>>> print(open('work27.cif').read())   # mmCIF, C-alpha atoms and all ligand atoms
data_coords
loop_
_atom_site.label_atom_id
_atom_site.label_comp_id
_atom_site.auth_asym_id
_atom_site.auth_seq_id
_atom_site.Cartn_x
_atom_site.Cartn_y
_atom_site.Cartn_z
CA MET A 1 0.00 0.00 0.00
CA THR A 2 1.31 3.47 -0.85
CA ASP A 3 0.38 7.08 -0.12
CA SER A 4 -1.12 8.40 -3.38
CA LEU A 5 0.47 11.83 -2.85
CA THR A 6 4.01 10.88 -1.87
CA GLY A 7 4.35 7.29 -3.06
CA ASP A 8 5.61 6.36 0.43
CA ALA A 9 4.79 2.91 1.77
CA VAL A 10 1.83 2.94 4.17
CA PRO A 11 1.87 0.59 7.16
CA THR A 12 -0.94 -1.98 6.94
CA GLY A 13 -0.47 -3.52 10.39
CA GLY A 14 -0.75 -6.95 8.80
CA PHE A 15 -4.34 -6.11 7.82
CA THR A 16 -5.55 -6.66 11.37
CA ARG A 17 -7.64 -3.48 10.96
CA PRO A 18 -9.01 -1.86 7.82
CA VAL A 19 -6.66 0.50 6.00
CA GLY A 20 -8.03 4.04 5.80
CA LEU A 21 -6.28 7.22 4.72
CA SER A 22 -2.48 7.43 4.92
CA PRO A 23 -0.85 8.87 8.07
CA ARG A 24 -0.76 12.27 6.32
CA GLY A 25 -4.44 12.04 5.35
CA ALA A 26 -4.11 11.12 1.66
CA PRO A 27 -5.87 8.28 -0.19
CA VAL A 28 -3.97 4.99 -0.16
CA GLU A 29 -3.32 2.95 -3.30
CA VAL A 30 -2.74 -0.80 -3.53
CA THR A 31 0.48 -1.83 -5.24
CA TYR A 32 1.15 -5.34 -6.48
CA ASP A 33 4.15 -7.50 -7.23
CA LEU A 34 3.21 -7.43 -10.90
CA GLU A 35 5.90 -9.90 -11.94
CA ALA A 36 4.42 -12.44 -9.53
CA VAL A 37 0.87 -11.67 -10.73
CA ASP A 38 1.97 -12.16 -14.32
CA SER A 39 3.58 -15.50 -13.58
CA VAL A 40 0.49 -16.72 -11.69
CA LEU A 41 -1.82 -15.69 -14.54
CA GLY A 42 0.38 -16.97 -17.34
CA GLY A 43 -0.76 -14.38 -19.85
CA ALA A 44 -4.55 -14.45 -19.42
CA PHE A 45 -7.24 -13.90 -16.82
CA PRO A 46 -9.07 -17.09 -15.78
CA ALA A 47 -12.41 -17.97 -17.39
CA VAL A 48 -14.58 -17.21 -14.38
CA GLY A 49 -17.44 -14.75 -14.16
CA GLY A 50 -17.81 -11.29 -12.70
CA LEU A 51 -15.11 -9.65 -10.65
CA ARG A 52 -13.64 -13.04 -9.71
CA ARG A 53 -11.92 -13.02 -13.08
CA TYR A 54 -9.60 -10.24 -11.88
CA GLU A 55 -8.82 -11.48 -8.37
CA ALA A 56 -5.09 -11.71 -9.09
CA LEU A 57 -5.14 -7.91 -9.45
CA LEU A 58 -7.40 -7.26 -6.47
CA PRO A 59 -6.36 -6.86 -2.83
CA VAL A 60 -8.70 -9.59 -1.60
CA GLY A 61 -9.23 -13.11 -2.94
CA GLY A 62 -11.66 -15.99 -2.55
CA LEU A 63 -14.68 -13.85 -3.45
CA PRO A 64 -17.64 -16.23 -3.75
CA PRO A 65 -19.91 -16.16 -6.83
CA ALA A 66 -22.87 -15.33 -4.60
CA PHE A 67 -21.03 -12.14 -3.66
CA VAL A 68 -19.55 -10.89 -6.94
CA GLY A 69 -20.59 -13.36 -9.65
CA ASP A 70 -22.98 -10.76 -11.11
CA VAL A 71 -20.70 -7.75 -10.70
CA GLY A 72 -18.79 -6.46 -13.73
CA GLY A 73 -18.31 -8.30 -17.01
CA THR A 74 -20.37 -5.60 -18.69
CA PRO A 75 -20.65 -5.28 -22.47
CA VAL A 76 -19.31 -2.64 -24.82
CA ILE A 77 -21.88 -1.90 -27.51
CA PRO A 78 -21.55 0.29 -30.60
CA ALA A 79 -23.83 3.33 -30.88
CA PRO A 80 -24.43 3.58 -34.63
CA ALA A 81 -26.99 6.40 -34.67
CA LEU A 82 -24.87 8.65 -32.48
CA SER A 83 -21.72 7.63 -34.36
CA GLU A 84 -23.37 8.86 -37.54
CA GLU A 85 -24.51 12.12 -35.97
CA LEU A 86 -21.09 12.88 -34.51
CA GLU A 87 -19.00 11.31 -37.30
CA VAL A 88 -17.01 9.26 -34.83
CA ASP A 89 -16.79 5.57 -33.99
CA LEU A 90 -18.79 5.68 -30.78
CA ALA A 91 -19.32 2.85 -28.29
CA MET A 92 -20.66 2.63 -24.77
CA LYS A 93 -19.61 0.44 -21.87
CA VAL A 94 -22.99 -0.36 -20.38
CA GLU A 95 -22.80 -0.66 -16.61
CA ALA A 96 -26.54 -0.91 -15.97
CA GLY A 97 -26.38 -4.71 -15.75
CA ASN A 98 -24.60 -4.62 -12.39
CA PRO A 99 -26.77 -5.87 -9.50
CA THR A 100 -27.94 -2.48 -8.26
CA GLY A 101 -27.92 -0.97 -11.74
CA SER A 102 -24.72 1.07 -11.63
CA PHE A 103 -20.95 0.76 -11.82
CA LYS A 104 -20.76 1.60 -8.10
CA ASP A 105 -21.22 -2.10 -7.38
CA ARG A 106 -17.67 -2.81 -8.51
CA GLY A 107 -16.03 -0.51 -5.98
CA LEU A 108 -18.26 -1.25 -3.04
CA ALA A 109 -17.98 -5.02 -3.53
CA VAL A 110 -14.20 -4.87 -3.28
CA GLY A 111 -14.15 -2.12 -0.62
CA LEU A 112 -16.42 -4.09 1.69
CA ALA A 113 -14.71 -7.42 1.02
CA LEU A 114 -11.33 -5.89 1.82
CA GLY A 115 -12.73 -4.21 4.94
CA VAL A 116 -14.23 -7.44 6.24
CA ALA A 117 -11.01 -9.34 5.50
CA SER A 118 -9.28 -6.77 7.74
CA GLY A 119 -11.79 -7.10 10.59
CA ALA A 120 -14.51 -4.54 9.75
CA ALA A 121 -17.90 -5.33 11.25
CA ARG A 122 -20.05 -2.51 9.84
CA PHE A 123 -19.71 0.13 7.14
CA CYS A 124 -20.87 3.72 6.72
CA LEU A 125 -20.61 6.24 3.90
CA PRO A 126 -22.08 9.42 2.48
CA THR A 127 -23.49 9.09 -1.04
CA GLN A 128 -24.95 10.90 -4.00
CA GLY A 129 -27.16 7.80 -4.29
CA ASN A 130 -25.77 4.80 -6.12
CA ALA A 131 -22.81 4.09 -3.83
CA GLY A 132 -25.13 3.95 -0.83
CA VAL A 133 -27.40 1.48 -2.56
CA ALA A 134 -24.40 -0.70 -3.45
CA ALA A 135 -23.05 -0.55 0.12
CA ALA A 136 -26.45 -1.67 1.42
CA LEU A 137 -26.59 -4.59 -1.01
CA PHE A 138 -23.08 -5.86 -0.30
CA SER A 139 -23.46 -5.47 3.47
CA SER A 140 -26.54 -7.62 3.14
CA ARG A 141 -24.72 -10.21 1.02
CA LEU A 142 -22.01 -10.39 3.68
CA GLY A 143 -24.57 -10.86 6.46
CA LEU A 144 -23.34 -7.70 8.20
CA PRO A 145 -25.40 -5.19 10.16
CA PRO A 146 -27.05 -2.65 7.82
CA ALA A 147 -24.78 -0.19 6.03
CA VAL A 148 -25.21 3.29 7.51
CA VAL A 149 -25.84 5.58 4.55
CA TYR A 150 -25.90 9.38 4.67
CA MET A 151 -27.73 10.99 1.74
CA PRO A 152 -28.44 14.62 0.81
CA ARG A 153 -31.64 15.87 2.40
CA GLY A 154 -33.54 16.16 -0.88
CA TYR A 155 -33.31 12.41 -1.45
CA GLU A 156 -35.79 11.48 1.26
CA GLY A 157 -38.51 9.22 -0.16
CA GLY A 158 -36.80 9.11 -3.55
CA VAL A 159 -35.54 6.17 -5.56
CA TYR A 160 -32.08 5.91 -3.93
CA HIS A 161 -33.65 6.02 -0.47
CA ARG A 162 -36.10 3.27 -1.35
CA ALA A 163 -33.45 1.13 -3.07
CA CYS A 164 -31.13 1.48 -0.10
CA ALA A 165 -33.91 0.50 2.27
CA LEU A 166 -34.81 -2.45 0.02
CA TYR A 167 -31.36 -3.93 0.67
CA GLY A 168 -31.62 -3.22 4.38
CA GLY A 169 -29.54 -0.02 4.54
CA GLU A 170 -29.98 2.41 7.44
CA VAL A 171 -30.50 5.78 5.78
CA HIS A 172 -29.89 9.25 7.24
CA PHE A 173 -30.29 12.61 5.51
CA SER A 174 -28.20 15.75 5.83
CA GLY A 175 -27.21 18.77 3.75
CA PRO A 176 -27.54 19.54 0.04
CA ASN A 177 -24.93 17.10 -1.32
CA ILE A 178 -22.38 14.40 -0.55
CA ALA A 179 -19.84 16.79 0.99
CA ALA A 180 -22.34 18.03 3.58
CA ALA A 181 -23.72 14.53 4.17
CA GLY A 182 -20.17 13.27 4.73
CA LYS A 183 -19.44 15.98 7.25
CA ALA A 184 -22.62 15.16 9.17
CA MET A 185 -21.73 11.48 9.12
CA ARG A 186 -18.24 12.05 10.53
CA ASP A 187 -19.62 14.30 13.27
CA GLU A 188 -22.51 12.06 14.26
CA LEU A 189 -20.58 8.78 14.04
CA ALA A 190 -17.30 10.09 15.49
CA GLY A 191 -17.53 7.64 18.40
CA PRO A 192 -18.10 4.35 16.56
CA LEU A 193 -15.69 5.44 13.81
CA SER A 194 -12.83 6.20 16.22
CA GLU A 195 -13.46 2.97 18.15
CA GLY A 196 -13.32 1.08 14.83
CA ARG A 197 -16.87 -0.26 15.25
CA TYR A 198 -17.84 1.41 11.96
CA VAL A 199 -15.56 1.68 8.94
CA ASP A 200 -15.83 4.69 6.63
CA VAL A 201 -16.00 3.57 2.99
CA SER A 202 -16.33 7.09 1.55
CA THR A 203 -14.83 7.56 -1.92
CA PHE A 204 -11.03 7.13 -1.61
CA PHE A 205 -11.10 6.90 2.21
CA GLU A 206 -10.07 3.26 1.86
CA PRO A 207 -8.19 1.56 -1.01
CA GLY A 208 -10.68 -1.15 -2.07
CA ARG A 209 -13.20 0.95 -4.00
CA LEU A 210 -10.52 2.12 -6.42
CA GLU A 211 -9.43 -1.47 -7.03
CA GLY A 212 -13.00 -2.51 -7.78
CA LYS A 213 -13.46 0.31 -10.26
CA LYS A 214 -10.14 -0.60 -11.85
CA THR A 215 -11.78 -3.72 -13.24
CA MET A 216 -13.51 -1.53 -15.86
CA GLY A 217 -10.08 -0.77 -17.30
CA LEU A 218 -9.15 -4.47 -17.30
CA GLU A 219 -12.38 -5.28 -19.13
CA ILE A 220 -11.80 -2.50 -21.66
CA TRP A 221 -8.36 -3.96 -22.36
CA GLU A 222 -9.82 -7.43 -22.80
CA GLU A 223 -12.53 -6.06 -25.09
CA TYR A 224 -10.35 -3.95 -27.34
CA GLY A 225 -6.88 -5.47 -27.03
CA GLU A 226 -4.17 -3.30 -28.51
CA ALA A 227 -6.56 -1.18 -30.56
CA LEU A 228 -7.89 0.73 -27.56
CA PRO A 229 -10.36 3.56 -28.15
CA GLN A 230 -8.68 6.90 -28.78
CA TRP A 231 -10.85 8.64 -26.20
CA ILE A 232 -12.61 7.57 -23.02
CA LEU A 233 -15.16 9.96 -21.55
CA TYR A 234 -15.94 9.49 -17.87
CA PRO A 235 -18.68 11.22 -15.80
CA THR A 236 -16.63 12.53 -12.91
CA GLY A 237 -17.69 12.95 -9.32
CA GLY A 238 -15.12 11.63 -6.86
CA GLY A 239 -13.19 10.16 -9.80
CA THR A 240 -12.69 6.52 -8.79
CA GLY A 241 -13.41 5.20 -12.27
CA LEU A 242 -11.17 7.72 -13.98
CA VAL A 243 -8.23 6.92 -11.74
CA GLY A 244 -9.12 3.22 -11.70
CA ILE A 245 -9.27 2.73 -15.47
CA TRP A 246 -5.87 4.39 -15.83
CA LYS A 247 -4.44 2.31 -12.98
CA ALA A 248 -5.54 -0.82 -14.88
CA PHE A 249 -3.74 0.35 -18.02
CA THR A 250 -0.62 1.18 -16.00
CA GLU A 251 -0.55 -2.23 -14.32
CA LEU A 252 -1.14 -4.05 -17.62
CA ARG A 253 1.75 -2.11 -19.10
CA GLU A 254 4.00 -2.90 -16.15
CA MET A 255 3.07 -6.58 -16.40
CA GLY A 256 4.23 -6.48 -20.01
CA TRP A 257 0.77 -7.37 -21.35
CA MET A 258 0.21 -3.96 -22.91
CA GLY A 259 3.29 -3.12 -24.96
CA PRO A 260 4.81 0.38 -24.78
CA GLU A 261 3.75 0.91 -28.42
CA VAL A 262 0.06 0.60 -27.50
CA GLN A 263 -1.60 3.98 -27.65
CA ARG A 264 -3.57 4.44 -24.45
CA PRO A 265 -6.84 6.40 -24.65
CA ARG A 266 -7.01 10.09 -23.90
CA MET A 267 -9.07 10.34 -20.74
CA VAL A 268 -11.74 13.04 -20.41
CA ALA A 269 -13.33 14.06 -17.11
CA VAL A 270 -16.85 15.34 -17.72
CA GLN A 271 -18.74 17.42 -15.16
CA SER A 272 -21.75 19.73 -15.04
CA GLU A 273 -21.12 23.47 -15.35
CA ASN A 274 -23.00 23.73 -12.06
CA CYS A 275 -20.42 21.66 -10.21
CA ALA A 276 -17.09 21.45 -12.02
CA PRO A 277 -14.21 21.47 -9.55
CA VAL A 278 -12.06 19.08 -11.60
CA VAL A 279 -12.62 21.01 -14.83
CA ARG A 280 -11.83 24.37 -13.20
CA SER A 281 -8.69 23.06 -11.52
CA PHE A 282 -7.54 21.39 -14.76
CA GLU A 283 -8.05 24.65 -16.67
CA ALA A 284 -6.20 26.60 -13.98
CA GLY A 285 -3.21 24.27 -14.31
CA LEU A 286 -3.42 23.22 -10.66
CA ASP A 287 -2.05 19.93 -9.38
CA HIS A 288 -4.85 19.49 -6.86
CA VAL A 289 -8.59 20.09 -7.05
CA GLU A 290 -9.97 23.21 -5.36
CA PRO A 291 -13.50 22.64 -4.04
CA VAL A 292 -16.35 24.72 -5.50
CA VAL A 293 -19.83 25.59 -4.24
CA SER A 294 -22.20 23.35 -6.19
CA GLN A 295 -25.20 24.95 -7.85
CA GLY A 296 -26.81 21.50 -8.08
CA THR A 297 -27.15 19.25 -11.12
CA VAL A 298 -29.69 16.84 -12.52
CA ALA A 299 -26.81 14.34 -12.82
CA ASP A 300 -26.72 13.27 -9.17
CA GLY A 301 -23.40 11.45 -9.43
CA LEU A 302 -21.70 14.65 -10.64
CA ASP A 303 -22.83 16.75 -7.68
CA VAL A 304 -19.50 16.37 -5.89
CA PRO A 305 -17.98 19.75 -5.02
CA GLY A 306 -14.51 18.58 -3.94
CA ALA A 307 -12.17 15.70 -4.66
CA ILE A 308 -9.76 14.18 -2.18
CA MET A 309 -8.05 12.29 -5.06
CA GLY A 310 -7.98 15.37 -7.31
CA HIS A 311 -4.21 15.20 -7.69
CA ALA A 312 -4.47 11.72 -9.22
CA MET A 313 -7.33 12.71 -11.53
CA LEU A 314 -5.43 15.70 -12.88
CA ARG A 315 -2.35 13.55 -13.35
CA VAL A 316 -4.37 11.01 -15.39
CA LEU A 317 -5.89 13.72 -17.59
CA ARG A 318 -2.46 15.22 -18.34
CA GLU A 319 -0.51 11.98 -18.66
CA SER A 320 -3.08 10.60 -21.10
CA GLY A 321 -3.18 13.79 -23.19
CA GLY A 322 -6.86 14.13 -22.32
CA THR A 323 -8.93 17.02 -21.09
CA ALA A 324 -11.75 18.06 -18.76
CA ALA A 325 -15.09 19.37 -19.97
CA ALA A 326 -18.03 21.04 -18.24
CA VAL A 327 -21.47 20.85 -19.84
CA ALA A 328 -24.63 22.93 -19.44
CA GLU A 329 -27.58 21.47 -17.56
CA ALA A 330 -29.91 22.01 -20.53
CA ASP A 331 -27.51 20.08 -22.75
CA ILE A 332 -27.44 17.18 -20.27
CA SER A 333 -31.24 16.96 -20.30
CA ALA A 334 -31.38 17.13 -24.10
CA ALA A 335 -28.73 14.41 -24.37
CA TYR A 336 -30.64 12.20 -21.91
CA ALA A 337 -33.64 12.28 -24.23
CA ASP A 338 -31.41 11.66 -27.27
CA LEU A 339 -29.87 8.60 -25.62
CA GLY A 340 -33.34 7.17 -25.15
CA ARG A 341 -34.49 8.12 -28.65
CA THR A 342 -31.52 6.33 -30.22
CA GLY A 343 -32.01 3.18 -28.15
CA THR A 344 -28.80 3.67 -26.17
CA PRO A 345 -30.29 4.52 -22.79
CA GLY A 346 -28.22 5.88 -19.94
CA GLY A 347 -28.53 7.99 -16.83
CA TYR A 348 -28.03 11.73 -16.67
CA GLU A 349 -24.35 11.16 -15.93
CA THR A 350 -24.01 9.26 -19.21
CA ALA A 351 -26.02 11.99 -20.94
CA ALA A 352 -23.42 14.50 -19.73
CA LEU A 353 -20.84 12.49 -21.69
CA LEU A 354 -22.85 12.75 -24.90
CA ALA A 355 -23.30 16.49 -24.34
CA ALA A 356 -19.55 16.86 -23.77
CA LEU A 357 -18.71 14.82 -26.87
CA ARG A 358 -20.92 17.07 -28.97
CA ASN A 359 -18.99 20.08 -27.70
CA LEU A 360 -15.62 18.41 -28.19
CA ARG A 361 -16.55 17.52 -31.77
CA ARG A 362 -17.75 21.06 -32.49
CA GLU A 363 -14.51 22.47 -31.07
CA GLY A 364 -12.47 19.96 -33.11
CA VAL A 365 -10.84 18.47 -30.01
CA VAL A 366 -12.16 15.05 -31.00
CA ALA A 367 -11.55 14.62 -34.72
CA ARG A 368 -13.85 13.07 -37.31
CA GLY A 369 -13.50 9.27 -37.43
CA GLU A 370 -11.85 8.89 -34.03
CA SER A 371 -12.94 6.08 -31.72
CA VAL A 372 -14.65 7.12 -28.50
CA LEU A 373 -15.87 5.08 -25.55
CA LEU A 374 -18.43 6.50 -23.13
CA ILE A 375 -18.57 4.90 -19.68
CA ALA A 376 -22.35 4.56 -19.31
CA THR A 377 -22.25 4.32 -15.55
CA SER A 378 -25.95 3.55 -15.05
CA GLY A 379 -29.23 3.14 -16.91
CA PRO A 380 -32.00 5.73 -17.15
CA ALA A 381 -34.23 4.47 -14.30
CA VAL A 382 -33.21 7.06 -11.71
CA GLY A 383 -33.68 9.84 -14.24
CA LEU A 384 -37.09 8.51 -15.20
CA SER A 385 -38.18 8.73 -11.58
CA HIS A 386 -37.86 12.52 -11.86
CA ALA A 387 -38.13 12.84 -15.62
CA VAL A 388 -41.26 14.99 -15.76
CA ALA A 389 -39.61 17.78 -13.86
CA THR A 390 -36.26 17.65 -15.60
CA ALA A 391 -36.49 16.14 -19.05
CA GLY A 392 -39.51 17.87 -20.50
CA PRO A 393 -42.98 16.52 -21.21
CA VAL A 394 -43.63 12.80 -21.07
CA PRO A 395 -44.22 11.58 -24.65
CA GLY A 396 -47.89 10.98 -25.37
CA ARG A 397 -49.23 13.43 -22.80
C1 LIG B 401 -24.29 6.95 -12.21
C2 LIG B 401 -23.04 7.61 -11.72
N1 LIG B 401 -22.13 8.04 -12.62
C3 LIG B 401 -21.00 8.67 -12.23
C4 LIG B 401 -20.70 8.90 -10.90
C5 LIG B 401 -19.40 9.54 -10.51
O1 LIG B 401 -18.50 8.54 -10.12
P1 LIG B 401 -17.12 8.83 -9.40
O2 LIG B 401 -17.46 9.30 -8.03
O3 LIG B 401 -16.38 7.56 -9.43
O4 LIG B 401 -16.43 9.90 -10.19
C6 LIG B 401 -21.61 8.45 -9.93
C7 LIG B 401 -21.35 8.69 -8.50
O5 LIG B 401 -22.22 8.73 -7.67
C8 LIG B 401 -22.80 7.79 -10.35
O6 LIG B 401 -23.69 7.33 -9.45
#
>>> encode(input="work27.cif", output="structure tokens", more="lines below")
Ligand SMILES: Cc1ncc(COP(=O)(O)O)c(C=O)c1O
Amino acid sequence: MTDSLTGDAVPTGGFTRPVGLSPRGAPVEVTYDLEAVDSVLGGAFPAVGGLRRYEALLPVGGLPPAFVGDVGGTPVIPAPALSEELEVDLAMKVEAGNPTGSFKDRGLAVGLALGVASGAARFCLPTQGNAGVAAALFSSRLGLPPAVVYMPRGYEGGVYHRACALYGGEVHFSGPNIAAAGKAMRDELAGPLSEGRYVDVSTFFEPGRLEGKKTMGLEIWEEYGEALPQWILYPTGGGTGLVGIWKAFTELREMGWMGPEVQRPRMVAVQSENCAPVVRSFEAGLDHVEPVVSQGTVADGLDVPGAIMGHAMLRVLRESGGTAAAVAEADISAAYADLGRTGTPGGYETAALLAALRNLRREGVVARGESVLLIATSGPAVGLSHAVATAGPVPGR
């Protein structure tokens, strides 16, 4: 384990307690003996389903099929109508088939499994929605006490609240967004957190969620091989997927599977204009992300005003030759409808990617004929639950 800011080794105490932030308060990253992993794998991942396929590159092994057999292994599908409109070769990695309907399942499955392997008995986290639902589901699968989930106040009675409750989660509400909910959680649960009775699985507060999200990058490599897409657009909140996909590519390269001649994709962080801390910090040439005051966005997962792993996100964007793009709320809503109309449904976060791609094409940043992969992090169901208010009239009314 290493400190993501300094690269220094972080003491793990023999994994007798869950690893949290580094001693200086930075996110911790898992490092592997990649030569040993390569020799165990012998050039290919085993033919087993879900996240179990990638166990050799995860910090915890022996994950039963009942726990992760239906997590990951998601398809990449071409998007011909949108390819034609945008004159690019567009595809989408469709994450809606994960058990709770979003890519958050990958990170929470590994985060909770790693925590339990290190002695955790109960988990808590603040959420913009999907991560809380995933934490509730995987706590339930592990037979643990309910996950303690802090959501923004406006979510009460909504779809995330009900989904979380469905899987047995204990839901609390505080503040307008994840930052405020997280602060309330740390204040209210200070006792059980400091005694180690609860373990905080907030984005990047422990190393497992990043490893789980990394599996998207491993799958992209398996899907495309050496002809990787030229661009990957990622809807960015806390940034686990962005950093995770790049970490996968880096490890594959260090294992010698991905040759140095392979052109890695340019990574693009997409946010809403109403909450764009990563975009603003990228544009300002900073090496860390300055928090902003969110004006709120229809894309719940993008309503994240700060980023504890901002330094790593900015590094990925620059190292990959990518960029960061903020999109208007009206454009996100229009793109959501267009995704549906073209039979390539996605959530508002995915719609933000389409809106950003349209801008990047207009500006000539993405050239005609280039290959582009959108990480479609969830399906449209959450958006449909508030579609009348945000996406215009319901067809047929
Ligand atoms: C559907 C969806 N897409 C994207 C994101 C942003 O993910 P990350 O925090 O990994 O940047 C979220 C986070 O809540 C989400 O739920």
>>> atom_distance(input="work27.cif", atom1="CA of Gly62 in chain A", atom2="CA of Trp246 in chain A")
25.0 Å
>>> residues_around(input="work27.cif", residues="Thr2 in chain A", least_positions_apart="3", cutoff="6 Å", atoms="all atoms listed in the file", output="number ranges by chain")
A: 7-10, 28-29
>>> residues_around(input="work27.cif", residues="Ser320 in chain A", least_positions_apart="4", cutoff="8 Å", atoms="all atoms listed in the file", output="ChimeraX atom specification")
/A:264-267,316
>>> residues_around(input="work27.cif", residues="range 98-115 of chain A", least_positions_apart="2", cutoff="6 Å", atoms="all atoms listed in the file", output="PyMOL selection string")
chain A and resi 18+60+71+95-96+117-118+120+131+134-135+208-209+212-213+377-378
>>> residues_around(input="work27.cif", residues="Gly73 in chain A", least_positions_apart="4", cutoff="8 Å", atoms="all atoms listed in the file", output="mmCIF file with C-alpha atoms, in the frame of the given file")
data_model
loop_
_atom_site.group_PDB
_atom_site.id
_atom_site.type_symbol
_atom_site.label_atom_id
_atom_site.label_comp_id
_atom_site.auth_asym_id
_atom_site.auth_seq_id
_atom_site.Cartn_x
_atom_site.Cartn_y
_atom_site.Cartn_z
ATOM 1 C CA GLY A 49 -17.440 -14.750 -14.160
ATOM 2 C CA GLY A 50 -17.810 -11.290 -12.700
ATOM 3 C CA LEU A 51 -15.110 -9.650 -10.650
ATOM 4 C CA GLU A 219 -12.380 -5.280 -19.130
#
>>> closest_residue(input="work27.cif", among="A:Thr350, A:Thr236, A:Thr6, A:Thr250", to="ligand LIG 401 (chain B)", atoms="all atoms listed in the file")
A:Thr236
>>> residues_near_ligand(input="work27.cif", ligand="ligand LIG 401 (chain B)", cutoff="8 Å", atoms="only C-alpha atoms and all ligand atoms", output="MDAnalysis selection string")
chainID A and resid 102:104 127:131 203 213 234:242 299:302 304 347:350 376:379
>>> closest_residue(input="work27.cif", among="A:Ala36, A:Val270, A:Leu5, A:Val30", to="Ala324 in chain A", atoms="all atoms listed in the file")
A:Val270
>>> residues_around(input="work27.cif", residues="Phe205 in chain A", least_positions_apart="5", cutoff="8 Å", atoms="only C-alpha atoms", output="VMD selection string")
chain A and resid 20 to 21 27 to 28 200
>>> atom_distance(input="work27.cif", atom1="CA of Ile308 in chain A", atom2="CA of Val289 in chain A")
7.7 Å
>>> atom_distance(input="work27.cif", atom1="CA of Tyr198 in chain A", atom2="CA of Gly119 in chain A")
10.5 Å
>>> residues_near_point(input="work27.cif", point="(-19.1, 22.7, -24.6)", cutoff="8 Å", atoms="only C-alpha atoms", output="PyMOL selection string")
chain A and resi 325-328+355-356+358-360+363
>>> write_last_selection(input="work27.cif", atoms="C-alpha atoms", output="PDB file, keeping the file's coordinate frame")
ATOM      1  CA  ALA A 325     -15.090  19.370 -19.970  1.00  0.00           C
ATOM      2  CA  ALA A 326     -18.030  21.040 -18.240  1.00  0.00           C
ATOM      3  CA  VAL A 327     -21.470  20.850 -19.840  1.00  0.00           C
ATOM      4  CA  ALA A 328     -24.630  22.930 -19.440  1.00  0.00           C
ATOM      5  CA  ALA A 355     -23.300  16.490 -24.340  1.00  0.00           C
ATOM      6  CA  ALA A 356     -19.550  16.860 -23.770  1.00  0.00           C
ATOM      7  CA  ARG A 358     -20.920  17.070 -28.970  1.00  0.00           C
ATOM      8  CA  ASN A 359     -18.990  20.080 -27.700  1.00  0.00           C
ATOM      9  CA  LEU A 360     -15.620  18.410 -28.190  1.00  0.00           C
ATOM     10  CA  GLU A 363     -14.510  22.470 -31.070  1.00  0.00           C
TER      11      GLU A 363
END
>>> closest_residue(input="work27.cif", among="A:Val262, A:Leu193, A:Val148, A:Ala26", to="Ala181 in chain A", atoms="all atoms listed in the file")
A:Val148
>>> decode(input="work27.cif", residues="range 227-235 of chain A", atoms="N, CA, C and O atoms", output="mmCIF file, in the first residue's frame")
data_model
loop_
_atom_site.group_PDB
_atom_site.id
_atom_site.type_symbol
_atom_site.label_atom_id
_atom_site.label_comp_id
_atom_site.auth_asym_id
_atom_site.auth_seq_id
_atom_site.Cartn_x
_atom_site.Cartn_y
_atom_site.Cartn_z
ATOM 1 N N ALA A 227 -5.923 -2.307 -29.867
ATOM 2 C CA ALA A 227 -6.564 -1.175 -30.565
ATOM 3 C C ALA A 227 -7.558 -0.491 -29.620
ATOM 4 O O ALA A 227 -8.768 -0.506 -29.830
ATOM 5 N N LEU A 228 -7.031 0.069 -28.549
ATOM 6 C CA LEU A 228 -7.890 0.727 -27.556
ATOM 7 C C LEU A 228 -8.571 1.946 -28.173
ATOM 8 O O LEU A 228 -8.073 2.518 -29.150
ATOM 9 N N PRO A 229 -9.727 2.349 -27.614
ATOM 10 C CA PRO A 229 -10.360 3.559 -28.148
ATOM 11 C C PRO A 229 -9.422 4.767 -27.972
ATOM 12 O O PRO A 229 -8.616 4.800 -27.043
ATOM 13 N N GLN A 230 -9.573 5.735 -28.872
ATOM 14 C CA GLN A 230 -8.683 6.899 -28.780
ATOM 15 C C GLN A 230 -9.081 7.834 -27.637
ATOM 16 O O GLN A 230 -8.258 8.557 -27.102
ATOM 17 N N TRP A 231 -10.358 7.800 -27.297
ATOM 18 C CA TRP A 231 -10.852 8.645 -26.200
ATOM 19 C C TRP A 231 -11.737 7.823 -25.282
ATOM 20 O O TRP A 231 -12.521 6.996 -25.758
ATOM 21 N N ILE A 232 -11.632 8.077 -23.983
ATOM 22 C CA ILE A 232 -12.614 7.569 -23.021
ATOM 23 C C ILE A 232 -13.183 8.762 -22.264
ATOM 24 O O ILE A 232 -12.423 9.569 -21.698
ATOM 25 N N LEU A 233 -14.506 8.885 -22.291
ATOM 26 C CA LEU A 233 -15.157 9.962 -21.545
ATOM 27 C C LEU A 233 -15.782 9.375 -20.292
ATOM 28 O O LEU A 233 -16.514 8.380 -20.364
ATOM 29 N N TYR A 234 -15.513 10.025 -19.165
ATOM 30 C CA TYR A 234 -15.940 9.488 -17.870
ATOM 31 C C TYR A 234 -16.701 10.556 -17.085
ATOM 32 O O TYR A 234 -16.185 11.671 -16.896
ATOM 33 N N PRO A 235 -17.918 10.237 -16.595
ATOM 34 C CA PRO A 235 -18.676 11.215 -15.804
ATOM 35 C C PRO A 235 -18.087 11.301 -14.398
ATOM 36 O O PRO A 235 -18.145 10.335 -13.645
#
